[in-house]
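A.B. asks: Here you go, upload-v1.cif (mmCIF, C-alpha atoms):
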```cif
data_upload
#
loop_
_atom_site.label_atom_id
_atom_site.label_comp_id
_atom_site.auth_asym_id
_atom_site.auth_seq_id
_atom_site.Cartn_x
_atom_site.Cartn_y
_atom_site.Cartn_z
CA MET Y 1 0.00 0.00 0.00
CA LEU Y 2 1.42 3.37 -1.03
CA SER Y 3 1.98 5.99 1.63
CA SER Y 4 0.18 9.34 1.51
CA ALA Y 5 3.43 11.12 0.61
CA THR Y 6 4.09 8.71 -2.28
CA ARG Y 7 0.58 9.18 -3.69
CA THR Y 8 1.02 12.97 -3.56
CA LEU Y 9 4.34 12.75 -5.47
CA LEU Y 10 2.77 10.52 -8.13
CA ARG Y 11 -0.15 12.93 -8.65
CA ARG Y 12 2.22 15.87 -9.03
CA SER Y 13 4.35 13.95 -11.52
CA ALA Y 14 1.31 13.00 -13.60
CA ALA Y 15 0.08 16.58 -13.60
CA ALA Y 16 3.47 17.84 -14.75
CA GLN Y 17 3.52 15.38 -17.67
CA ALA Y 18 -0.07 16.09 -18.79
CA PRO Y 19 -0.38 18.31 -21.89
CA ALA Y 20 -1.26 21.91 -20.98
CA ARG Y 21 -4.60 23.23 -22.16
CA THR Y 22 -3.89 25.91 -24.73
CA LEU Y 23 -7.37 27.44 -24.67
CA SER Y 24 -9.98 27.92 -21.96
CA THR Y 25 -13.61 28.32 -22.89
CA TRP Y 26 -13.84 31.16 -20.38
CA ALA Y 27 -10.51 32.86 -21.08
CA GLN Y 28 -12.24 35.96 -22.42
CA VAL Y 29 -14.20 36.54 -19.20
CA GLU Y 30 -12.72 39.53 -17.39
CA MET Y 31 -12.62 40.08 -13.66
CA GLY Y 32 -15.65 42.11 -12.62
CA PRO Y 33 -15.28 45.22 -10.46
CA PRO Y 34 -15.75 44.64 -6.73
CA ASP Y 35 -18.98 45.75 -5.07
CA ALA Y 36 -18.39 49.07 -3.31
CA ILE Y 37 -20.40 48.21 -0.20
CA LEU Y 38 -18.78 44.77 0.09
CA GLY Y 39 -15.34 46.40 -0.08
CA ILE Y 40 -16.26 48.75 2.76
CA THR Y 41 -17.47 45.86 4.90
CA GLU Y 42 -14.30 43.86 4.25
CA ALA Y 43 -12.10 46.83 5.20
CA PHE Y 44 -14.16 47.32 8.35
CA LYS Y 45 -13.76 43.66 9.33
CA ARG Y 46 -9.96 43.83 8.89
CA ASP Y 47 -9.73 46.90 11.13
CA THR Y 48 -8.86 46.00 14.72
CA ASP Y 49 -9.39 49.44 16.26
CA PRO Y 50 -12.16 49.32 18.90
CA ARG Y 51 -13.54 52.68 17.71
CA LYS Y 52 -14.23 51.45 14.17
CA MET Y 53 -17.61 52.23 12.57
CA ASN Y 54 -19.29 50.73 9.50
CA LEU Y 55 -21.60 53.37 8.05
CA GLY Y 56 -21.88 51.83 4.60
CA VAL Y 57 -24.38 48.99 5.04
CA GLY Y 58 -28.05 49.84 4.52
CA ALA Y 59 -29.50 47.75 7.33
CA TYR Y 60 -31.03 48.87 10.61
CA ARG Y 61 -29.03 48.47 13.81
CA THR Y 62 -30.07 48.93 17.44
CA ASP Y 63 -28.51 51.57 19.67
CA GLU Y 64 -26.08 48.82 20.67
CA GLY Y 65 -25.09 48.42 17.03
CA LYS Y 66 -26.74 45.00 16.70
CA PRO Y 67 -29.07 43.57 14.00
CA TYR Y 68 -32.71 43.80 15.03
CA VAL Y 69 -35.47 41.25 14.53
CA LEU Y 70 -38.81 42.91 15.22
CA GLY Y 71 -40.91 41.53 18.04
CA ALA Y 72 -43.96 41.34 15.78
CA VAL Y 73 -41.95 39.25 13.31
CA ARG Y 74 -40.80 36.84 16.04
CA LYS Y 75 -44.38 36.40 17.24
CA ALA Y 76 -45.61 35.84 13.69
CA GLU Y 77 -42.99 33.13 13.24
CA GLU Y 78 -44.14 31.40 16.43
CA LEU Y 79 -47.78 31.50 15.32
CA LEU Y 80 -46.91 30.08 11.92
CA LEU Y 81 -44.78 27.31 13.42
CA ALA Y 82 -47.63 26.28 15.69
CA LYS Y 83 -49.92 25.89 12.67
CA GLY Y 84 -47.74 23.16 11.19
CA LEU Y 85 -48.10 24.49 7.66
CA ASP Y 86 -46.83 22.71 4.54
CA LYS Y 87 -44.04 23.81 2.21
CA GLU Y 88 -45.89 23.50 -1.10
CA TYR Y 89 -45.18 25.76 -4.08
CA LEU Y 90 -46.89 29.13 -4.19
CA PRO Y 91 -48.77 30.24 -7.31
CA ILE Y 92 -46.75 32.25 -9.83
CA THR Y 93 -47.96 35.55 -8.34
CA GLY Y 94 -47.30 34.45 -4.77
CA LEU Y 95 -49.29 34.29 -1.56
CA ALA Y 96 -52.63 36.04 -2.11
CA LYS Y 97 -53.05 36.82 1.58
CA PHE Y 98 -49.75 38.68 1.47
CA THR Y 99 -50.24 40.55 -1.82
CA THR Y 100 -53.71 41.69 -0.75
CA ALA Y 101 -52.43 43.02 2.57
CA ALA Y 102 -49.36 44.60 0.92
CA SER Y 103 -51.49 46.40 -1.66
CA GLU Y 104 -53.73 47.80 1.07
CA LEU Y 105 -50.69 49.06 2.97
CA ALA Y 106 -49.30 50.77 -0.13
CA TYR Y 107 -52.41 52.19 -1.78
CA GLY Y 108 -54.69 52.51 1.27
CA ALA Y 109 -57.30 49.99 2.41
CA ASP Y 110 -60.11 52.10 0.95
CA SER Y 111 -58.45 52.86 -2.40
CA PRO Y 112 -60.68 52.16 -5.44
CA ALA Y 113 -57.49 51.19 -7.28
CA LEU Y 114 -57.38 47.90 -5.39
CA GLU Y 115 -60.20 46.62 -7.62
CA ARG Y 116 -58.13 47.19 -10.74
CA LEU Y 117 -54.67 46.28 -9.52
CA ALA Y 118 -52.38 43.70 -11.09
CA ILE Y 119 -49.99 42.60 -8.35
CA THR Y 120 -47.43 39.86 -7.92
CA GLN Y 121 -45.20 38.84 -5.04
CA THR Y 122 -41.53 39.39 -5.90
CA ILE Y 123 -38.07 38.64 -4.61
CA SER Y 124 -37.97 41.80 -2.51
CA GLY Y 125 -37.60 45.25 -4.06
CA THR Y 126 -34.85 44.33 -6.49
CA GLY Y 127 -36.98 41.53 -7.90
CA ALA Y 128 -39.92 43.93 -8.18
CA LEU Y 129 -37.81 46.38 -10.16
CA ARG Y 130 -36.63 43.60 -12.42
CA ILE Y 131 -40.17 42.38 -13.13
CA GLY Y 132 -41.29 45.96 -13.69
CA GLY Y 133 -38.42 46.63 -16.06
CA ALA Y 134 -39.13 43.44 -18.01
CA PHE Y 135 -42.81 44.35 -18.27
CA LEU Y 136 -42.07 47.86 -19.55
CA GLN Y 137 -39.47 46.58 -21.99
CA ARG Y 138 -42.01 44.19 -23.47
CA PHE Y 139 -45.12 46.36 -23.48
CA HIS Y 140 -44.17 50.06 -23.32
CA LYS Y 141 -42.79 50.20 -26.83
CA THR Y 142 -43.21 53.94 -27.42
CA GLN Y 143 -40.49 54.83 -24.90
CA GLN Y 144 -37.78 52.40 -23.86
CA THR Y 145 -35.76 54.67 -21.57
CA VAL Y 146 -36.04 54.84 -17.79
CA TYR Y 147 -35.10 58.20 -16.30
CA LEU Y 148 -33.51 58.06 -12.84
CA PRO Y 149 -32.91 60.90 -10.40
CA THR Y 150 -29.30 62.05 -10.05
CA PRO Y 151 -28.14 60.35 -7.92
CA SER Y 152 -30.18 57.18 -7.40
CA TRP Y 153 -29.76 53.80 -5.75
CA GLY Y 154 -26.67 52.19 -7.25
CA ASN Y 155 -28.50 49.11 -8.49
CA HIS Y 156 -31.28 50.90 -10.37
CA ALA Y 157 -29.35 51.43 -13.60
CA ALA Y 158 -27.99 47.87 -13.68
CA VAL Y 159 -31.42 46.34 -13.12
CA PHE Y 160 -33.08 48.29 -15.92
CA ARG Y 161 -30.21 47.87 -18.38
CA ASP Y 162 -30.29 44.13 -17.85
CA CYS Y 163 -33.99 44.26 -18.75
CA GLY Y 164 -33.04 45.68 -22.13
CA LEU Y 165 -34.10 49.24 -21.33
CA LYS Y 166 -32.02 52.35 -21.82
CA VAL Y 167 -31.18 54.42 -18.75
CA ALA Y 168 -30.84 58.19 -18.52
CA SER Y 169 -31.25 60.73 -15.73
CA TYR Y 170 -32.91 63.90 -14.55
CA ARG Y 171 -31.50 66.40 -12.08
CA TYR Y 172 -32.58 65.94 -8.48
CA TYR Y 173 -29.98 66.66 -5.79
CA ASP Y 174 -28.35 70.07 -5.40
CA PRO Y 175 -24.81 69.71 -3.97
CA ALA Y 176 -24.73 73.42 -3.15
CA THR Y 177 -27.74 73.30 -0.82
CA ARG Y 178 -27.55 69.55 -0.11
CA GLY Y 179 -31.26 69.55 -0.80
CA LEU Y 180 -33.70 69.15 -3.68
CA ASN Y 181 -33.12 71.06 -6.90
CA LEU Y 182 -36.82 71.26 -7.70
CA GLY Y 183 -36.55 73.76 -10.53
CA ALA Y 184 -34.01 71.66 -12.42
CA MET Y 185 -35.96 68.47 -11.73
CA LEU Y 186 -39.17 69.92 -13.15
CA GLU Y 187 -37.33 71.40 -16.13
CA ASP Y 188 -35.79 68.04 -17.00
CA ILE Y 189 -38.99 66.01 -16.54
CA ARG Y 190 -40.91 68.53 -18.64
CA ALA Y 191 -38.31 68.22 -21.41
CA LEU Y 192 -38.50 64.41 -21.63
CA PRO Y 193 -40.31 62.84 -24.58
CA CYS Y 194 -44.00 62.35 -23.84
CA GLY Y 195 -44.75 59.02 -22.25
CA SER Y 196 -41.28 58.56 -20.75
CA ILE Y 197 -40.71 56.25 -17.77
CA VAL Y 198 -39.79 58.32 -14.70
CA LEU Y 199 -38.45 56.53 -11.65
CA LEU Y 200 -39.56 58.21 -8.42
CA HIS Y 201 -38.46 57.33 -4.89
CA ALA Y 202 -41.73 57.29 -2.92
CA CYS Y 203 -40.00 58.30 0.33
CA ALA Y 204 -36.57 58.28 2.00
CA HIS Y 205 -34.63 58.88 -1.21
CA ASN Y 206 -31.59 56.62 -1.45
CA PRO Y 207 -28.79 57.73 -1.28
CA THR Y 208 -29.48 61.39 -0.42
CA GLY Y 209 -32.30 61.28 2.13
CA VAL Y 210 -33.75 64.31 0.31
CA ASP Y 211 -37.52 64.06 -0.18
CA PRO Y 212 -39.85 66.59 -1.82
CA THR Y 213 -42.31 68.35 0.47
CA PRO Y 214 -46.04 67.66 -0.09
CA ALA Y 215 -46.32 70.91 -2.05
CA GLN Y 216 -43.30 69.99 -4.19
CA TRP Y 217 -44.77 66.56 -4.86
CA GLN Y 218 -47.86 68.28 -6.26
CA GLU Y 219 -45.70 70.23 -8.70
CA ILE Y 220 -43.88 67.06 -9.73
CA GLN Y 221 -47.18 65.25 -10.22
CA ARG Y 222 -48.56 68.02 -12.42
CA VAL Y 223 -45.58 67.90 -14.77
CA VAL Y 224 -45.57 64.09 -14.96
CA GLU Y 225 -49.28 64.14 -15.80
CA GLU Y 226 -48.96 66.95 -18.34
CA ARG Y 227 -46.28 64.98 -20.20
CA GLU Y 228 -48.21 61.69 -19.86
CA HIS Y 229 -45.16 60.00 -18.33
CA VAL Y 230 -45.24 56.61 -16.62
CA ALA Y 231 -44.65 57.10 -12.89
CA PHE Y 232 -42.55 54.17 -11.64
CA PHE Y 233 -42.53 54.42 -7.85
CA ASP Y 234 -39.88 52.59 -5.85
CA MET Y 235 -41.08 52.30 -2.25
CA ALA Y 236 -38.52 50.54 -0.08
CA TYR Y 237 -39.03 52.49 3.15
CA GLN Y 238 -42.76 52.89 3.80
CA GLY Y 239 -43.18 53.72 7.49
CA PHE Y 240 -39.43 53.72 8.00
CA ALA Y 241 -38.95 57.29 6.73
CA SER Y 242 -41.30 59.38 8.87
CA GLY Y 243 -42.54 56.67 11.22
CA ASN Y 244 -45.99 56.89 9.61
CA ALA Y 245 -46.85 54.42 6.83
CA ASP Y 246 -49.71 56.54 5.44
CA ARG Y 247 -47.60 59.69 5.31
CA ASP Y 248 -44.78 57.89 3.52
CA ALA Y 249 -47.21 56.62 0.85
CA ALA Y 250 -48.87 60.01 0.28
CA ALA Y 251 -47.16 60.81 -3.04
CA LEU Y 252 -47.98 57.40 -4.52
CA ARG Y 253 -51.60 57.63 -3.41
CA SER Y 254 -51.98 61.14 -4.82
CA PHE Y 255 -50.83 60.01 -8.27
CA VAL Y 256 -53.19 57.03 -8.16
CA ALA Y 257 -56.16 59.07 -6.94
CA SER Y 258 -55.68 61.56 -9.75
CA GLY Y 259 -55.60 58.81 -12.36
CA LYS Y 260 -53.98 61.00 -14.99
CA ALA Y 261 -50.65 59.16 -15.22
CA PRO Y 262 -49.91 55.44 -15.48
CA VAL Y 263 -48.52 54.15 -12.16
CA VAL Y 264 -46.43 51.08 -11.41
CA LEU Y 265 -44.94 50.25 -8.01
CA SER Y 266 -42.00 48.34 -6.60
CA GLN Y 267 -42.57 47.59 -2.89
CA SER Y 268 -40.16 46.03 -0.38
CA PHE Y 269 -40.47 44.76 3.19
CA ALA Y 270 -36.73 44.43 3.81
CA LYS Y 271 -36.28 47.64 5.77
CA ASN Y 272 -39.67 48.35 7.35
CA MET Y 273 -40.21 44.78 8.57
CA GLY Y 274 -36.56 43.78 8.90
CA LEU Y 275 -37.07 40.88 6.47
CA TYR Y 276 -33.77 41.47 4.66
CA GLY Y 277 -32.84 37.86 4.00
CA GLU Y 278 -36.41 36.67 3.46
CA ARG Y 279 -36.68 38.69 0.21
CA VAL Y 280 -40.28 39.89 0.44
CA GLY Y 281 -41.76 42.41 -1.97
CA THR Y 282 -44.38 43.12 -4.63
CA PHE Y 283 -44.66 44.64 -8.08
CA SER Y 284 -48.00 46.15 -9.08
CA ILE Y 285 -49.60 47.98 -11.98
CA VAL Y 286 -52.68 50.16 -11.64
CA GLY Y 287 -55.04 49.21 -14.48
CA ALA Y 288 -57.86 51.24 -16.01
CA ASP Y 289 -60.44 48.66 -14.93
CA ALA Y 290 -60.71 45.09 -13.64
CA GLY Y 291 -60.61 43.64 -17.14
CA GLU Y 292 -57.39 45.44 -17.96
CA SER Y 293 -55.78 44.39 -14.68
CA ASP Y 294 -56.58 40.75 -15.50
CA ARG Y 295 -54.82 41.09 -18.84
CA LEU Y 296 -51.85 42.82 -17.22
CA LEU Y 297 -51.51 40.13 -14.60
CA SER Y 298 -51.64 37.39 -17.20
CA GLN Y 299 -48.60 38.93 -18.87
CA VAL Y 300 -46.78 39.41 -15.56
CA LYS Y 301 -47.22 35.68 -14.95
CA ILE Y 302 -45.66 34.94 -18.32
CA LEU Y 303 -42.65 37.07 -17.33
CA VAL Y 304 -42.24 35.51 -13.90
CA ARG Y 305 -42.57 31.87 -14.91
CA PRO Y 306 -39.25 31.51 -16.79
CA LEU Y 307 -37.38 33.74 -14.31
CA TYR Y 308 -38.02 31.96 -11.00
CA SER Y 309 -41.30 30.12 -11.52
CA ASN Y 310 -42.80 31.26 -8.20
CA PRO Y 311 -41.61 33.26 -5.18
CA PRO Y 312 -40.41 32.11 -1.73
CA LEU Y 313 -43.00 31.13 0.85
CA ASN Y 314 -41.68 31.81 4.33
CA GLY Y 315 -41.16 35.58 4.27
CA ALA Y 316 -44.52 36.18 2.61
CA ARG Y 317 -46.26 34.18 5.33
CA ILE Y 318 -44.51 36.22 8.02
CA ALA Y 319 -45.40 39.55 6.40
CA ALA Y 320 -49.00 38.44 5.82
CA GLU Y 321 -49.36 37.37 9.44
CA VAL Y 322 -48.03 40.71 10.69
CA LEU Y 323 -50.21 42.74 8.33
CA THR Y 324 -53.47 40.85 8.92
CA ASN Y 325 -53.26 40.11 12.65
CA ASN Y 326 -54.54 43.30 14.30
CA GLN Y 327 -52.44 42.86 17.43
CA LEU Y 328 -49.25 42.15 15.49
CA ARG Y 329 -49.93 44.94 13.01
CA THR Y 330 -50.30 47.47 15.83
CA GLU Y 331 -47.10 46.22 17.44
CA TRP Y 332 -45.27 46.34 14.11
CA LEU Y 333 -46.34 49.91 13.33
CA GLY Y 334 -45.12 50.91 16.78
CA GLU Y 335 -41.77 49.23 16.19
CA VAL Y 336 -41.37 50.88 12.79
CA LYS Y 337 -41.95 54.25 14.42
CA GLN Y 338 -39.39 53.44 17.11
CA MET Y 339 -36.81 52.61 14.43
CA ALA Y 340 -37.60 55.81 12.52
CA ASP Y 341 -37.46 57.86 15.72
CA ARG Y 342 -34.07 56.40 16.66
CA ILE Y 343 -32.66 57.41 13.29
CA ILE Y 344 -34.18 60.89 13.58
CA GLY Y 345 -32.64 61.15 17.05
CA MET Y 346 -29.19 60.21 15.75
CA ARG Y 347 -29.48 62.87 13.05
CA THR Y 348 -30.26 65.49 15.70
CA ALA Y 349 -27.42 64.34 17.95
CA LEU Y 350 -24.85 64.35 15.12
CA ARG Y 351 -25.81 67.82 13.94
CA SER Y 352 -25.87 69.20 17.49
CA ARG Y 353 -22.39 67.87 18.30
CA LEU Y 354 -20.93 69.25 15.05
CA GLU Y 355 -22.36 72.66 15.88
CA GLU Y 356 -21.04 72.44 19.46
CA LEU Y 357 -17.57 71.80 18.04
CA GLY Y 358 -17.75 75.16 16.28
CA SER Y 359 -17.83 73.87 12.73
CA ALA Y 360 -17.88 76.69 10.22
CA GLN Y 361 -20.04 74.63 7.89
CA SER Y 362 -23.81 74.38 7.94
CA TRP Y 363 -25.07 70.95 8.97
CA ASN Y 364 -28.79 71.70 8.66
CA HIS Y 365 -29.08 69.12 5.91
CA ILE Y 366 -28.42 66.30 8.38
CA THR Y 367 -31.80 66.90 10.02
CA ASP Y 368 -33.53 68.19 6.87
CA GLN Y 369 -32.93 64.87 5.14
CA ILE Y 370 -34.95 61.78 6.09
CA GLY Y 371 -34.68 58.01 6.23
CA MET Y 372 -31.81 55.61 6.65
CA PHE Y 373 -29.22 57.58 4.68
CA CYS Y 374 -27.64 61.00 4.98
CA TYR Y 375 -25.78 62.63 2.12
CA THR Y 376 -23.20 64.45 4.20
CA GLY Y 377 -21.50 66.44 1.47
CA LEU Y 378 -18.13 64.96 2.44
CA LYS Y 379 -15.61 64.83 -0.41
CA PRO Y 380 -13.94 61.54 -1.44
CA GLU Y 381 -10.62 62.58 0.07
CA GLN Y 382 -12.35 63.40 3.36
CA VAL Y 383 -14.04 59.99 3.34
CA ASP Y 384 -10.63 58.42 2.77
CA ARG Y 385 -9.25 60.28 5.77
CA LEU Y 386 -12.13 59.11 7.95
CA ALA Y 387 -11.23 55.52 7.13
CA LYS Y 388 -7.46 55.86 7.38
CA GLU Y 389 -7.19 58.11 10.43
CA PHE Y 390 -10.41 57.50 12.34
CA HIS Y 391 -11.49 53.95 11.35
CA ILE Y 392 -14.87 55.16 10.04
CA TYR Y 393 -16.06 53.51 6.84
CA LEU Y 394 -18.63 54.88 4.36
CA THR Y 395 -19.08 55.15 0.61
CA ARG Y 396 -16.86 57.69 -1.15
CA ASP Y 397 -19.85 59.80 -2.20
CA GLY Y 398 -20.23 60.76 1.47
CA ARG Y 399 -23.36 58.70 2.10
CA VAL Y 400 -23.75 57.71 5.74
CA SER Y 401 -26.07 54.96 6.94
CA VAL Y 402 -27.54 56.72 9.96
CA ALA Y 403 -28.69 53.35 11.27
CA GLY Y 404 -25.04 52.60 12.07
CA ILE Y 405 -24.78 55.58 14.42
CA THR Y 406 -25.41 54.96 18.12
CA SER Y 407 -25.53 57.08 21.27
CA SER Y 408 -22.12 55.67 22.22
CA ASN Y 409 -20.32 56.59 18.97
CA VAL Y 410 -22.12 59.69 17.68
CA ASN Y 411 -19.76 62.10 19.44
CA TYR Y 412 -16.70 60.32 18.05
CA LEU Y 413 -18.21 60.45 14.57
CA ALA Y 414 -18.94 64.17 14.89
CA GLU Y 415 -15.45 64.92 16.14
CA SER Y 416 -13.92 62.89 13.31
CA ILE Y 417 -16.05 64.65 10.67
CA HIS Y 418 -15.10 67.98 12.21
CA ASN Y 419 -11.42 67.09 11.98
CA VAL Y 420 -11.54 66.26 8.25
CA THR Y 421 -13.73 69.25 7.32
CA LYS Y 422 -12.25 72.11 9.37
CA ASP Y 423 -9.28 72.80 7.07
#
```
Translate the structure described by the file into structure tokens.
C.D. replies:
Amino acid sequence: MLSSATRTLLRRSAAAQAPARTLSTWAQVEMGPPDAILGITEAFKRDTDPRKMNLGVGAYRTDEGKPYVLGAVRKAEELLLAKGLDKEYLPITGLAKFTTAASELAYGADSPALERLAITQTISGTGALRIGGAFLQRFHKTQQTVYLPTPSWGNHAAVFRDCGLKVASYRYYDPATRGLNLGAMLEDIRALPCGSIVLLHACAHNPTGVDPTPAQWQEIQRVVEEREHVAFFDMAYQGFASGNADRDAAALRSFVASGKAPVVLSQSFAKNMGLYGERVGTFSIVGADAGESDRLLSQVKILVRPLYSNPPLNGARIAAEVLTNNQLRTEWLGEVKQMADRIIGMRTALRSRLEELGSAQSWNHITDQIGMFCYTGLKPEQVDRLAKEFHIYLTRDGRVSVAGITSSNVNYLAESIHNVTKD
């Protein structure tokens, strides 16, 4: 019997004598660029300084800096486990109990649009965007370009391009004021070809945290309607922005109630229910009548079937249980408000400490903005200094995930920002 060492030598010898492959089938495949957020997380993990902060990841954290599973979600899981449910396939459009409850949350329980809505469960918000993009690419033939705000969520352009749509932009954020450039936004949307697809963040704009006021939303709606554009709402933070789910859906509901512009919606429960890894969302289209919505849904099914056949079961059951159980729903809405209030509190604390330090800059935008993210206005070289000198990690556009700030590190963050901005 050959020893282990002898077998190893024989294998190496055989490999050395084997003819080398001159051509690989995949030789032309280039190395893809690394994901920016993943790179930040990896750098954070390598850092051994106890003061280190990861402000790049878009996930809620407690004031102790820990992941948070909502109490209502835990209770829903316990109730579902006790029922001993099966694990059978869902229909193509998902769990009806969930999509019905999700549509009522988004559009309002008394909305007439619910009777003419084509809705499907999706693989969270990204999956909803992908289904929506595929639908528009196939059926909105007059205009095949999606117009995104500048800036927008980093994945928006990739999702729509991979659907075969073109991607362009309209002005949104004003670096000078660190707020909304409404005049430029309206000018650009008015100049688009009639019937264009306009992507609108329903609330808690990512990455800037800059949302239009109710009055500004009315101006935006008027221009979209005048130009007969398709309003594609992306709503990933309902309830999480202001702490009030109805308030956060006000712009969407106003467009739908008016009925003068086509409306489609991507909806996610990752942030507001903490179901990040469960991948729970919906895509919906507001039809002209029930007959039209039936036709629309039939085509959505045809799109979904070859993509993933049908959506996951567990997360939809959890969300449905939370949304339809009155006790759990009340608890959940309270928890969402607590999460929103904690983030609002961290914004106030960060701004206050920066002002106490005597910063010559205005930091009003920290509290003027809303939602999980704050567009600080920090320059790339200042972000680099925060990482190198102060062990604070964020994206180079200066976007901070406010959820990563806690009462124990907010002063250190403020002092570090002050140090890189005072020169």
A.B. asks: Separation of atom CA of Phe135 of chain Y and atom CA of His201 of chain Y, in Å?
C.D. replies: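 Spanning atom CA of Phe135 of chain Y to atom CA of His201 of chain Y is a straight-line distance of 19.1 Å.
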A.B. asks: What does the structure give for the distance between atom CA of Thr100 of chain Y and atom CA of Ser124 of chain Y, in Å to one decimal?
C.D. replies: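 Atom CA of Ser124 of chain Y lies at a distance of 15.8 Å from atom CA of Thr100 of chain Y.
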A.B. asks: Could you check how far atom CA of Pro380 of chain Y sits from atom CA of Gly56 of chain Y, in Å to one decimal?
C.D. replies: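 That distance, rounded to one decimal, is 13.9 Å.
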A.B. asks: Report, as lines of an AutoDock Vina configuration file, the axis-aligned box around all atoms of segment 37-47 of chain Y present in the file, extended by 3 Å on each side; give centre and edge lengths in Å to one decimal place.
C.D. replies:
```
center_x = -15.1
center_y = 46.2
center_z = 5.5
size_x = 16.7
size_y = 11.1
size_z = 17.3
```
A.B. asks: Per residue of segment 33-88 of chain Y within 12 Å of segment 147-158 of chain Y, which atom pair is closest and at what distance in Å (one decimal), using only C-alpha atoms, listed by chain and increasing number, as JSON lines?
C.D. replies:
```
{"residue": "Y:Asp35", "atom": "CA", "partner": "Y:Gly154", "partner_atom": "CA", "distance": 10.3}
{"residue": "Y:Ala36", "atom": "CA", "partner": "Y:Gly154", "partner_atom": "CA", "distance": 9.7}
{"residue": "Y:Ile37", "atom": "CA", "partner": "Y:Gly154", "partner_atom": "CA", "distance": 10.2}
{"residue": "Y:Gly58", "atom": "CA", "partner": "Y:Trp153", "partner_atom": "CA", "distance": 11.1}
```
A.B. asks: So, with all atoms listed in the file as the atoms that count, which of Y:Met372, Y:Leu413, Y:Ala184, Y:Leu386 lies closest to Val57 of chain Y?
C.D. replies: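 Using all atoms listed in the file, the shortest distance to Val57 of chain Y belongs to Y:Met372.
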A.B. asks: Taking 3 positions as the minimum chain separation for residues in the same chain, which residues sit within 7 Å of segment 103-115 of chain Y when counting only C-alpha atoms? Answer as an MDAnalysis selection string.
C.D. replies: chainID Y and resid 99:100 249 253 286 290
A.B. asks: Give me the result of the PyMOL selection byres ((chain Y and resi 328-341) around 8) on this file, residue by residue, as a list in words.
C.D. replies: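 Evaluating the PyMOL selection byres ((chain Y and resi 328-341) around 8) on these coordinates yields Tyr60, Leu70, Gly71, Ala72, Val73, Lys75, Ala76, Gly239, Phe240, Ala241, Ser242, Gly243, Asn244, Ala245, Asn272, Met273, Glu321, Val322, Leu323, Thr324, Asn325, Asn326, Gln327, Arg342, Ile343, Ile344, Gly345 and Gly371 of chain Y.
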A.B. asks: Have a look at Y:Val280, Y:Ile370, Y:Glu228, Y:Pro175 and name the one nearest to Asp248 of chain Y; count only C-alpha atoms.
C.D. replies: Y:Ile370
A.B. asks: Using only C-alpha atoms, which protein or nucleic acid residues come within 9 Å of Gly65 of chain Y? Drop anything in the same chain fewer than 3 positions from it, and give the result as a CSV table (one decimal) with C-alpha atoms, in the coordinates of the input.
C.D. replies:
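Output file out17.csv is given in full below:
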```
chain,number,residue,atom,x,y,z
Y,60,TYR,CA,-31.0,48.9,10.6
Y,61,ARG,CA,-29.0,48.5,13.8
Y,62,THR,CA,-30.1,48.9,17.4
Y,403,ALA,CA,-28.7,53.4,11.3
Y,404,GLY,CA,-25.0,52.6,12.1
Y,405,ILE,CA,-24.8,55.6,14.4
Y,406,THR,CA,-25.4,55.0,18.1
```
A.B. asks: Between Y:Val159, Y:Val256, Y:Ala360, Y:Ala319, which has the minimum distance to Arg116 of chain Y (counting only C-alpha atoms)?
C.D. replies: Y:Val256
A.B. asks: List the spatial neighbours of segment 163-166 of chain Y as a short mmCIF file (atom, residue, chain, number, x, y, z; two decimals) with C-alpha atoms, keeping the file's coordinate frame - criterion: any atom at most 6 Å away, only C-alpha atoms, same-chain residues fewer than 4 positions off excluded.
C.D. replies:
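Below is the file that was written, result.cif:
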```cif
data_model
loop_
_atom_site.label_atom_id
_atom_site.label_comp_id
_atom_site.auth_asym_id
_atom_site.auth_seq_id
_atom_site.Cartn_x
_atom_site.Cartn_y
_atom_site.Cartn_z
CA GLY Y 133 -38.42 46.63 -16.06
CA ALA Y 134 -39.13 43.44 -18.01
CA GLN Y 144 -37.78 52.40 -23.86
CA THR Y 145 -35.76 54.67 -21.57
#
```
A.B. asks: Care to translate the PyMOL selection byres ((chain Y and resi 236) around 6) into actual residues of this file, as a ChimeraX atom specification?
C.D. replies: /Y:235,237,267-268
A.B. asks: Point out the residue among Y:Asp289, Y:Leu394, Y:Trp26, Y:Arg190 with the least atom-to-atom distance to Glu42 of chain Y, counting all atoms listed in the file.
C.D. replies: Y:Leu394
A.B. asks: Starting from the displayed file, determine the output of the PyMOL selection byres ((chain Y and resi 131) around 9) and express the residue list as a list of chain:residue names.
C.D. replies: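 After applying the PyMOL selection byres ((chain Y and resi 131) around 9), what remains is Y:Thr122, Y:Thr126, Y:Gly127, Y:Ala128, Y:Leu129, Y:Arg130, Y:Gly132, Y:Gly133, Y:Ala134, Y:Phe135, Y:Leu136, Y:Cys163, Y:Phe283, Y:Val300, Y:Leu303, Y:Val304.
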A.B. asks: Quick one: residues within 8 Å of Arg227 of chain Y, only C-alpha atoms counted, chain neighbours fewer than 6 positions away excluded, as a VMD selection string?
C.D. replies: chain Y and resid 190 192 to 195
A.B. asks: Taking 3 positions as the minimum chain separation for residues in the same chain, which residues sit within 8 Å of Val210 of chain Y when counting all atoms listed in the file? Answer as a PyMOL selection string.
C.D. replies: chain Y and resi 173+179-180+204-205+368-370
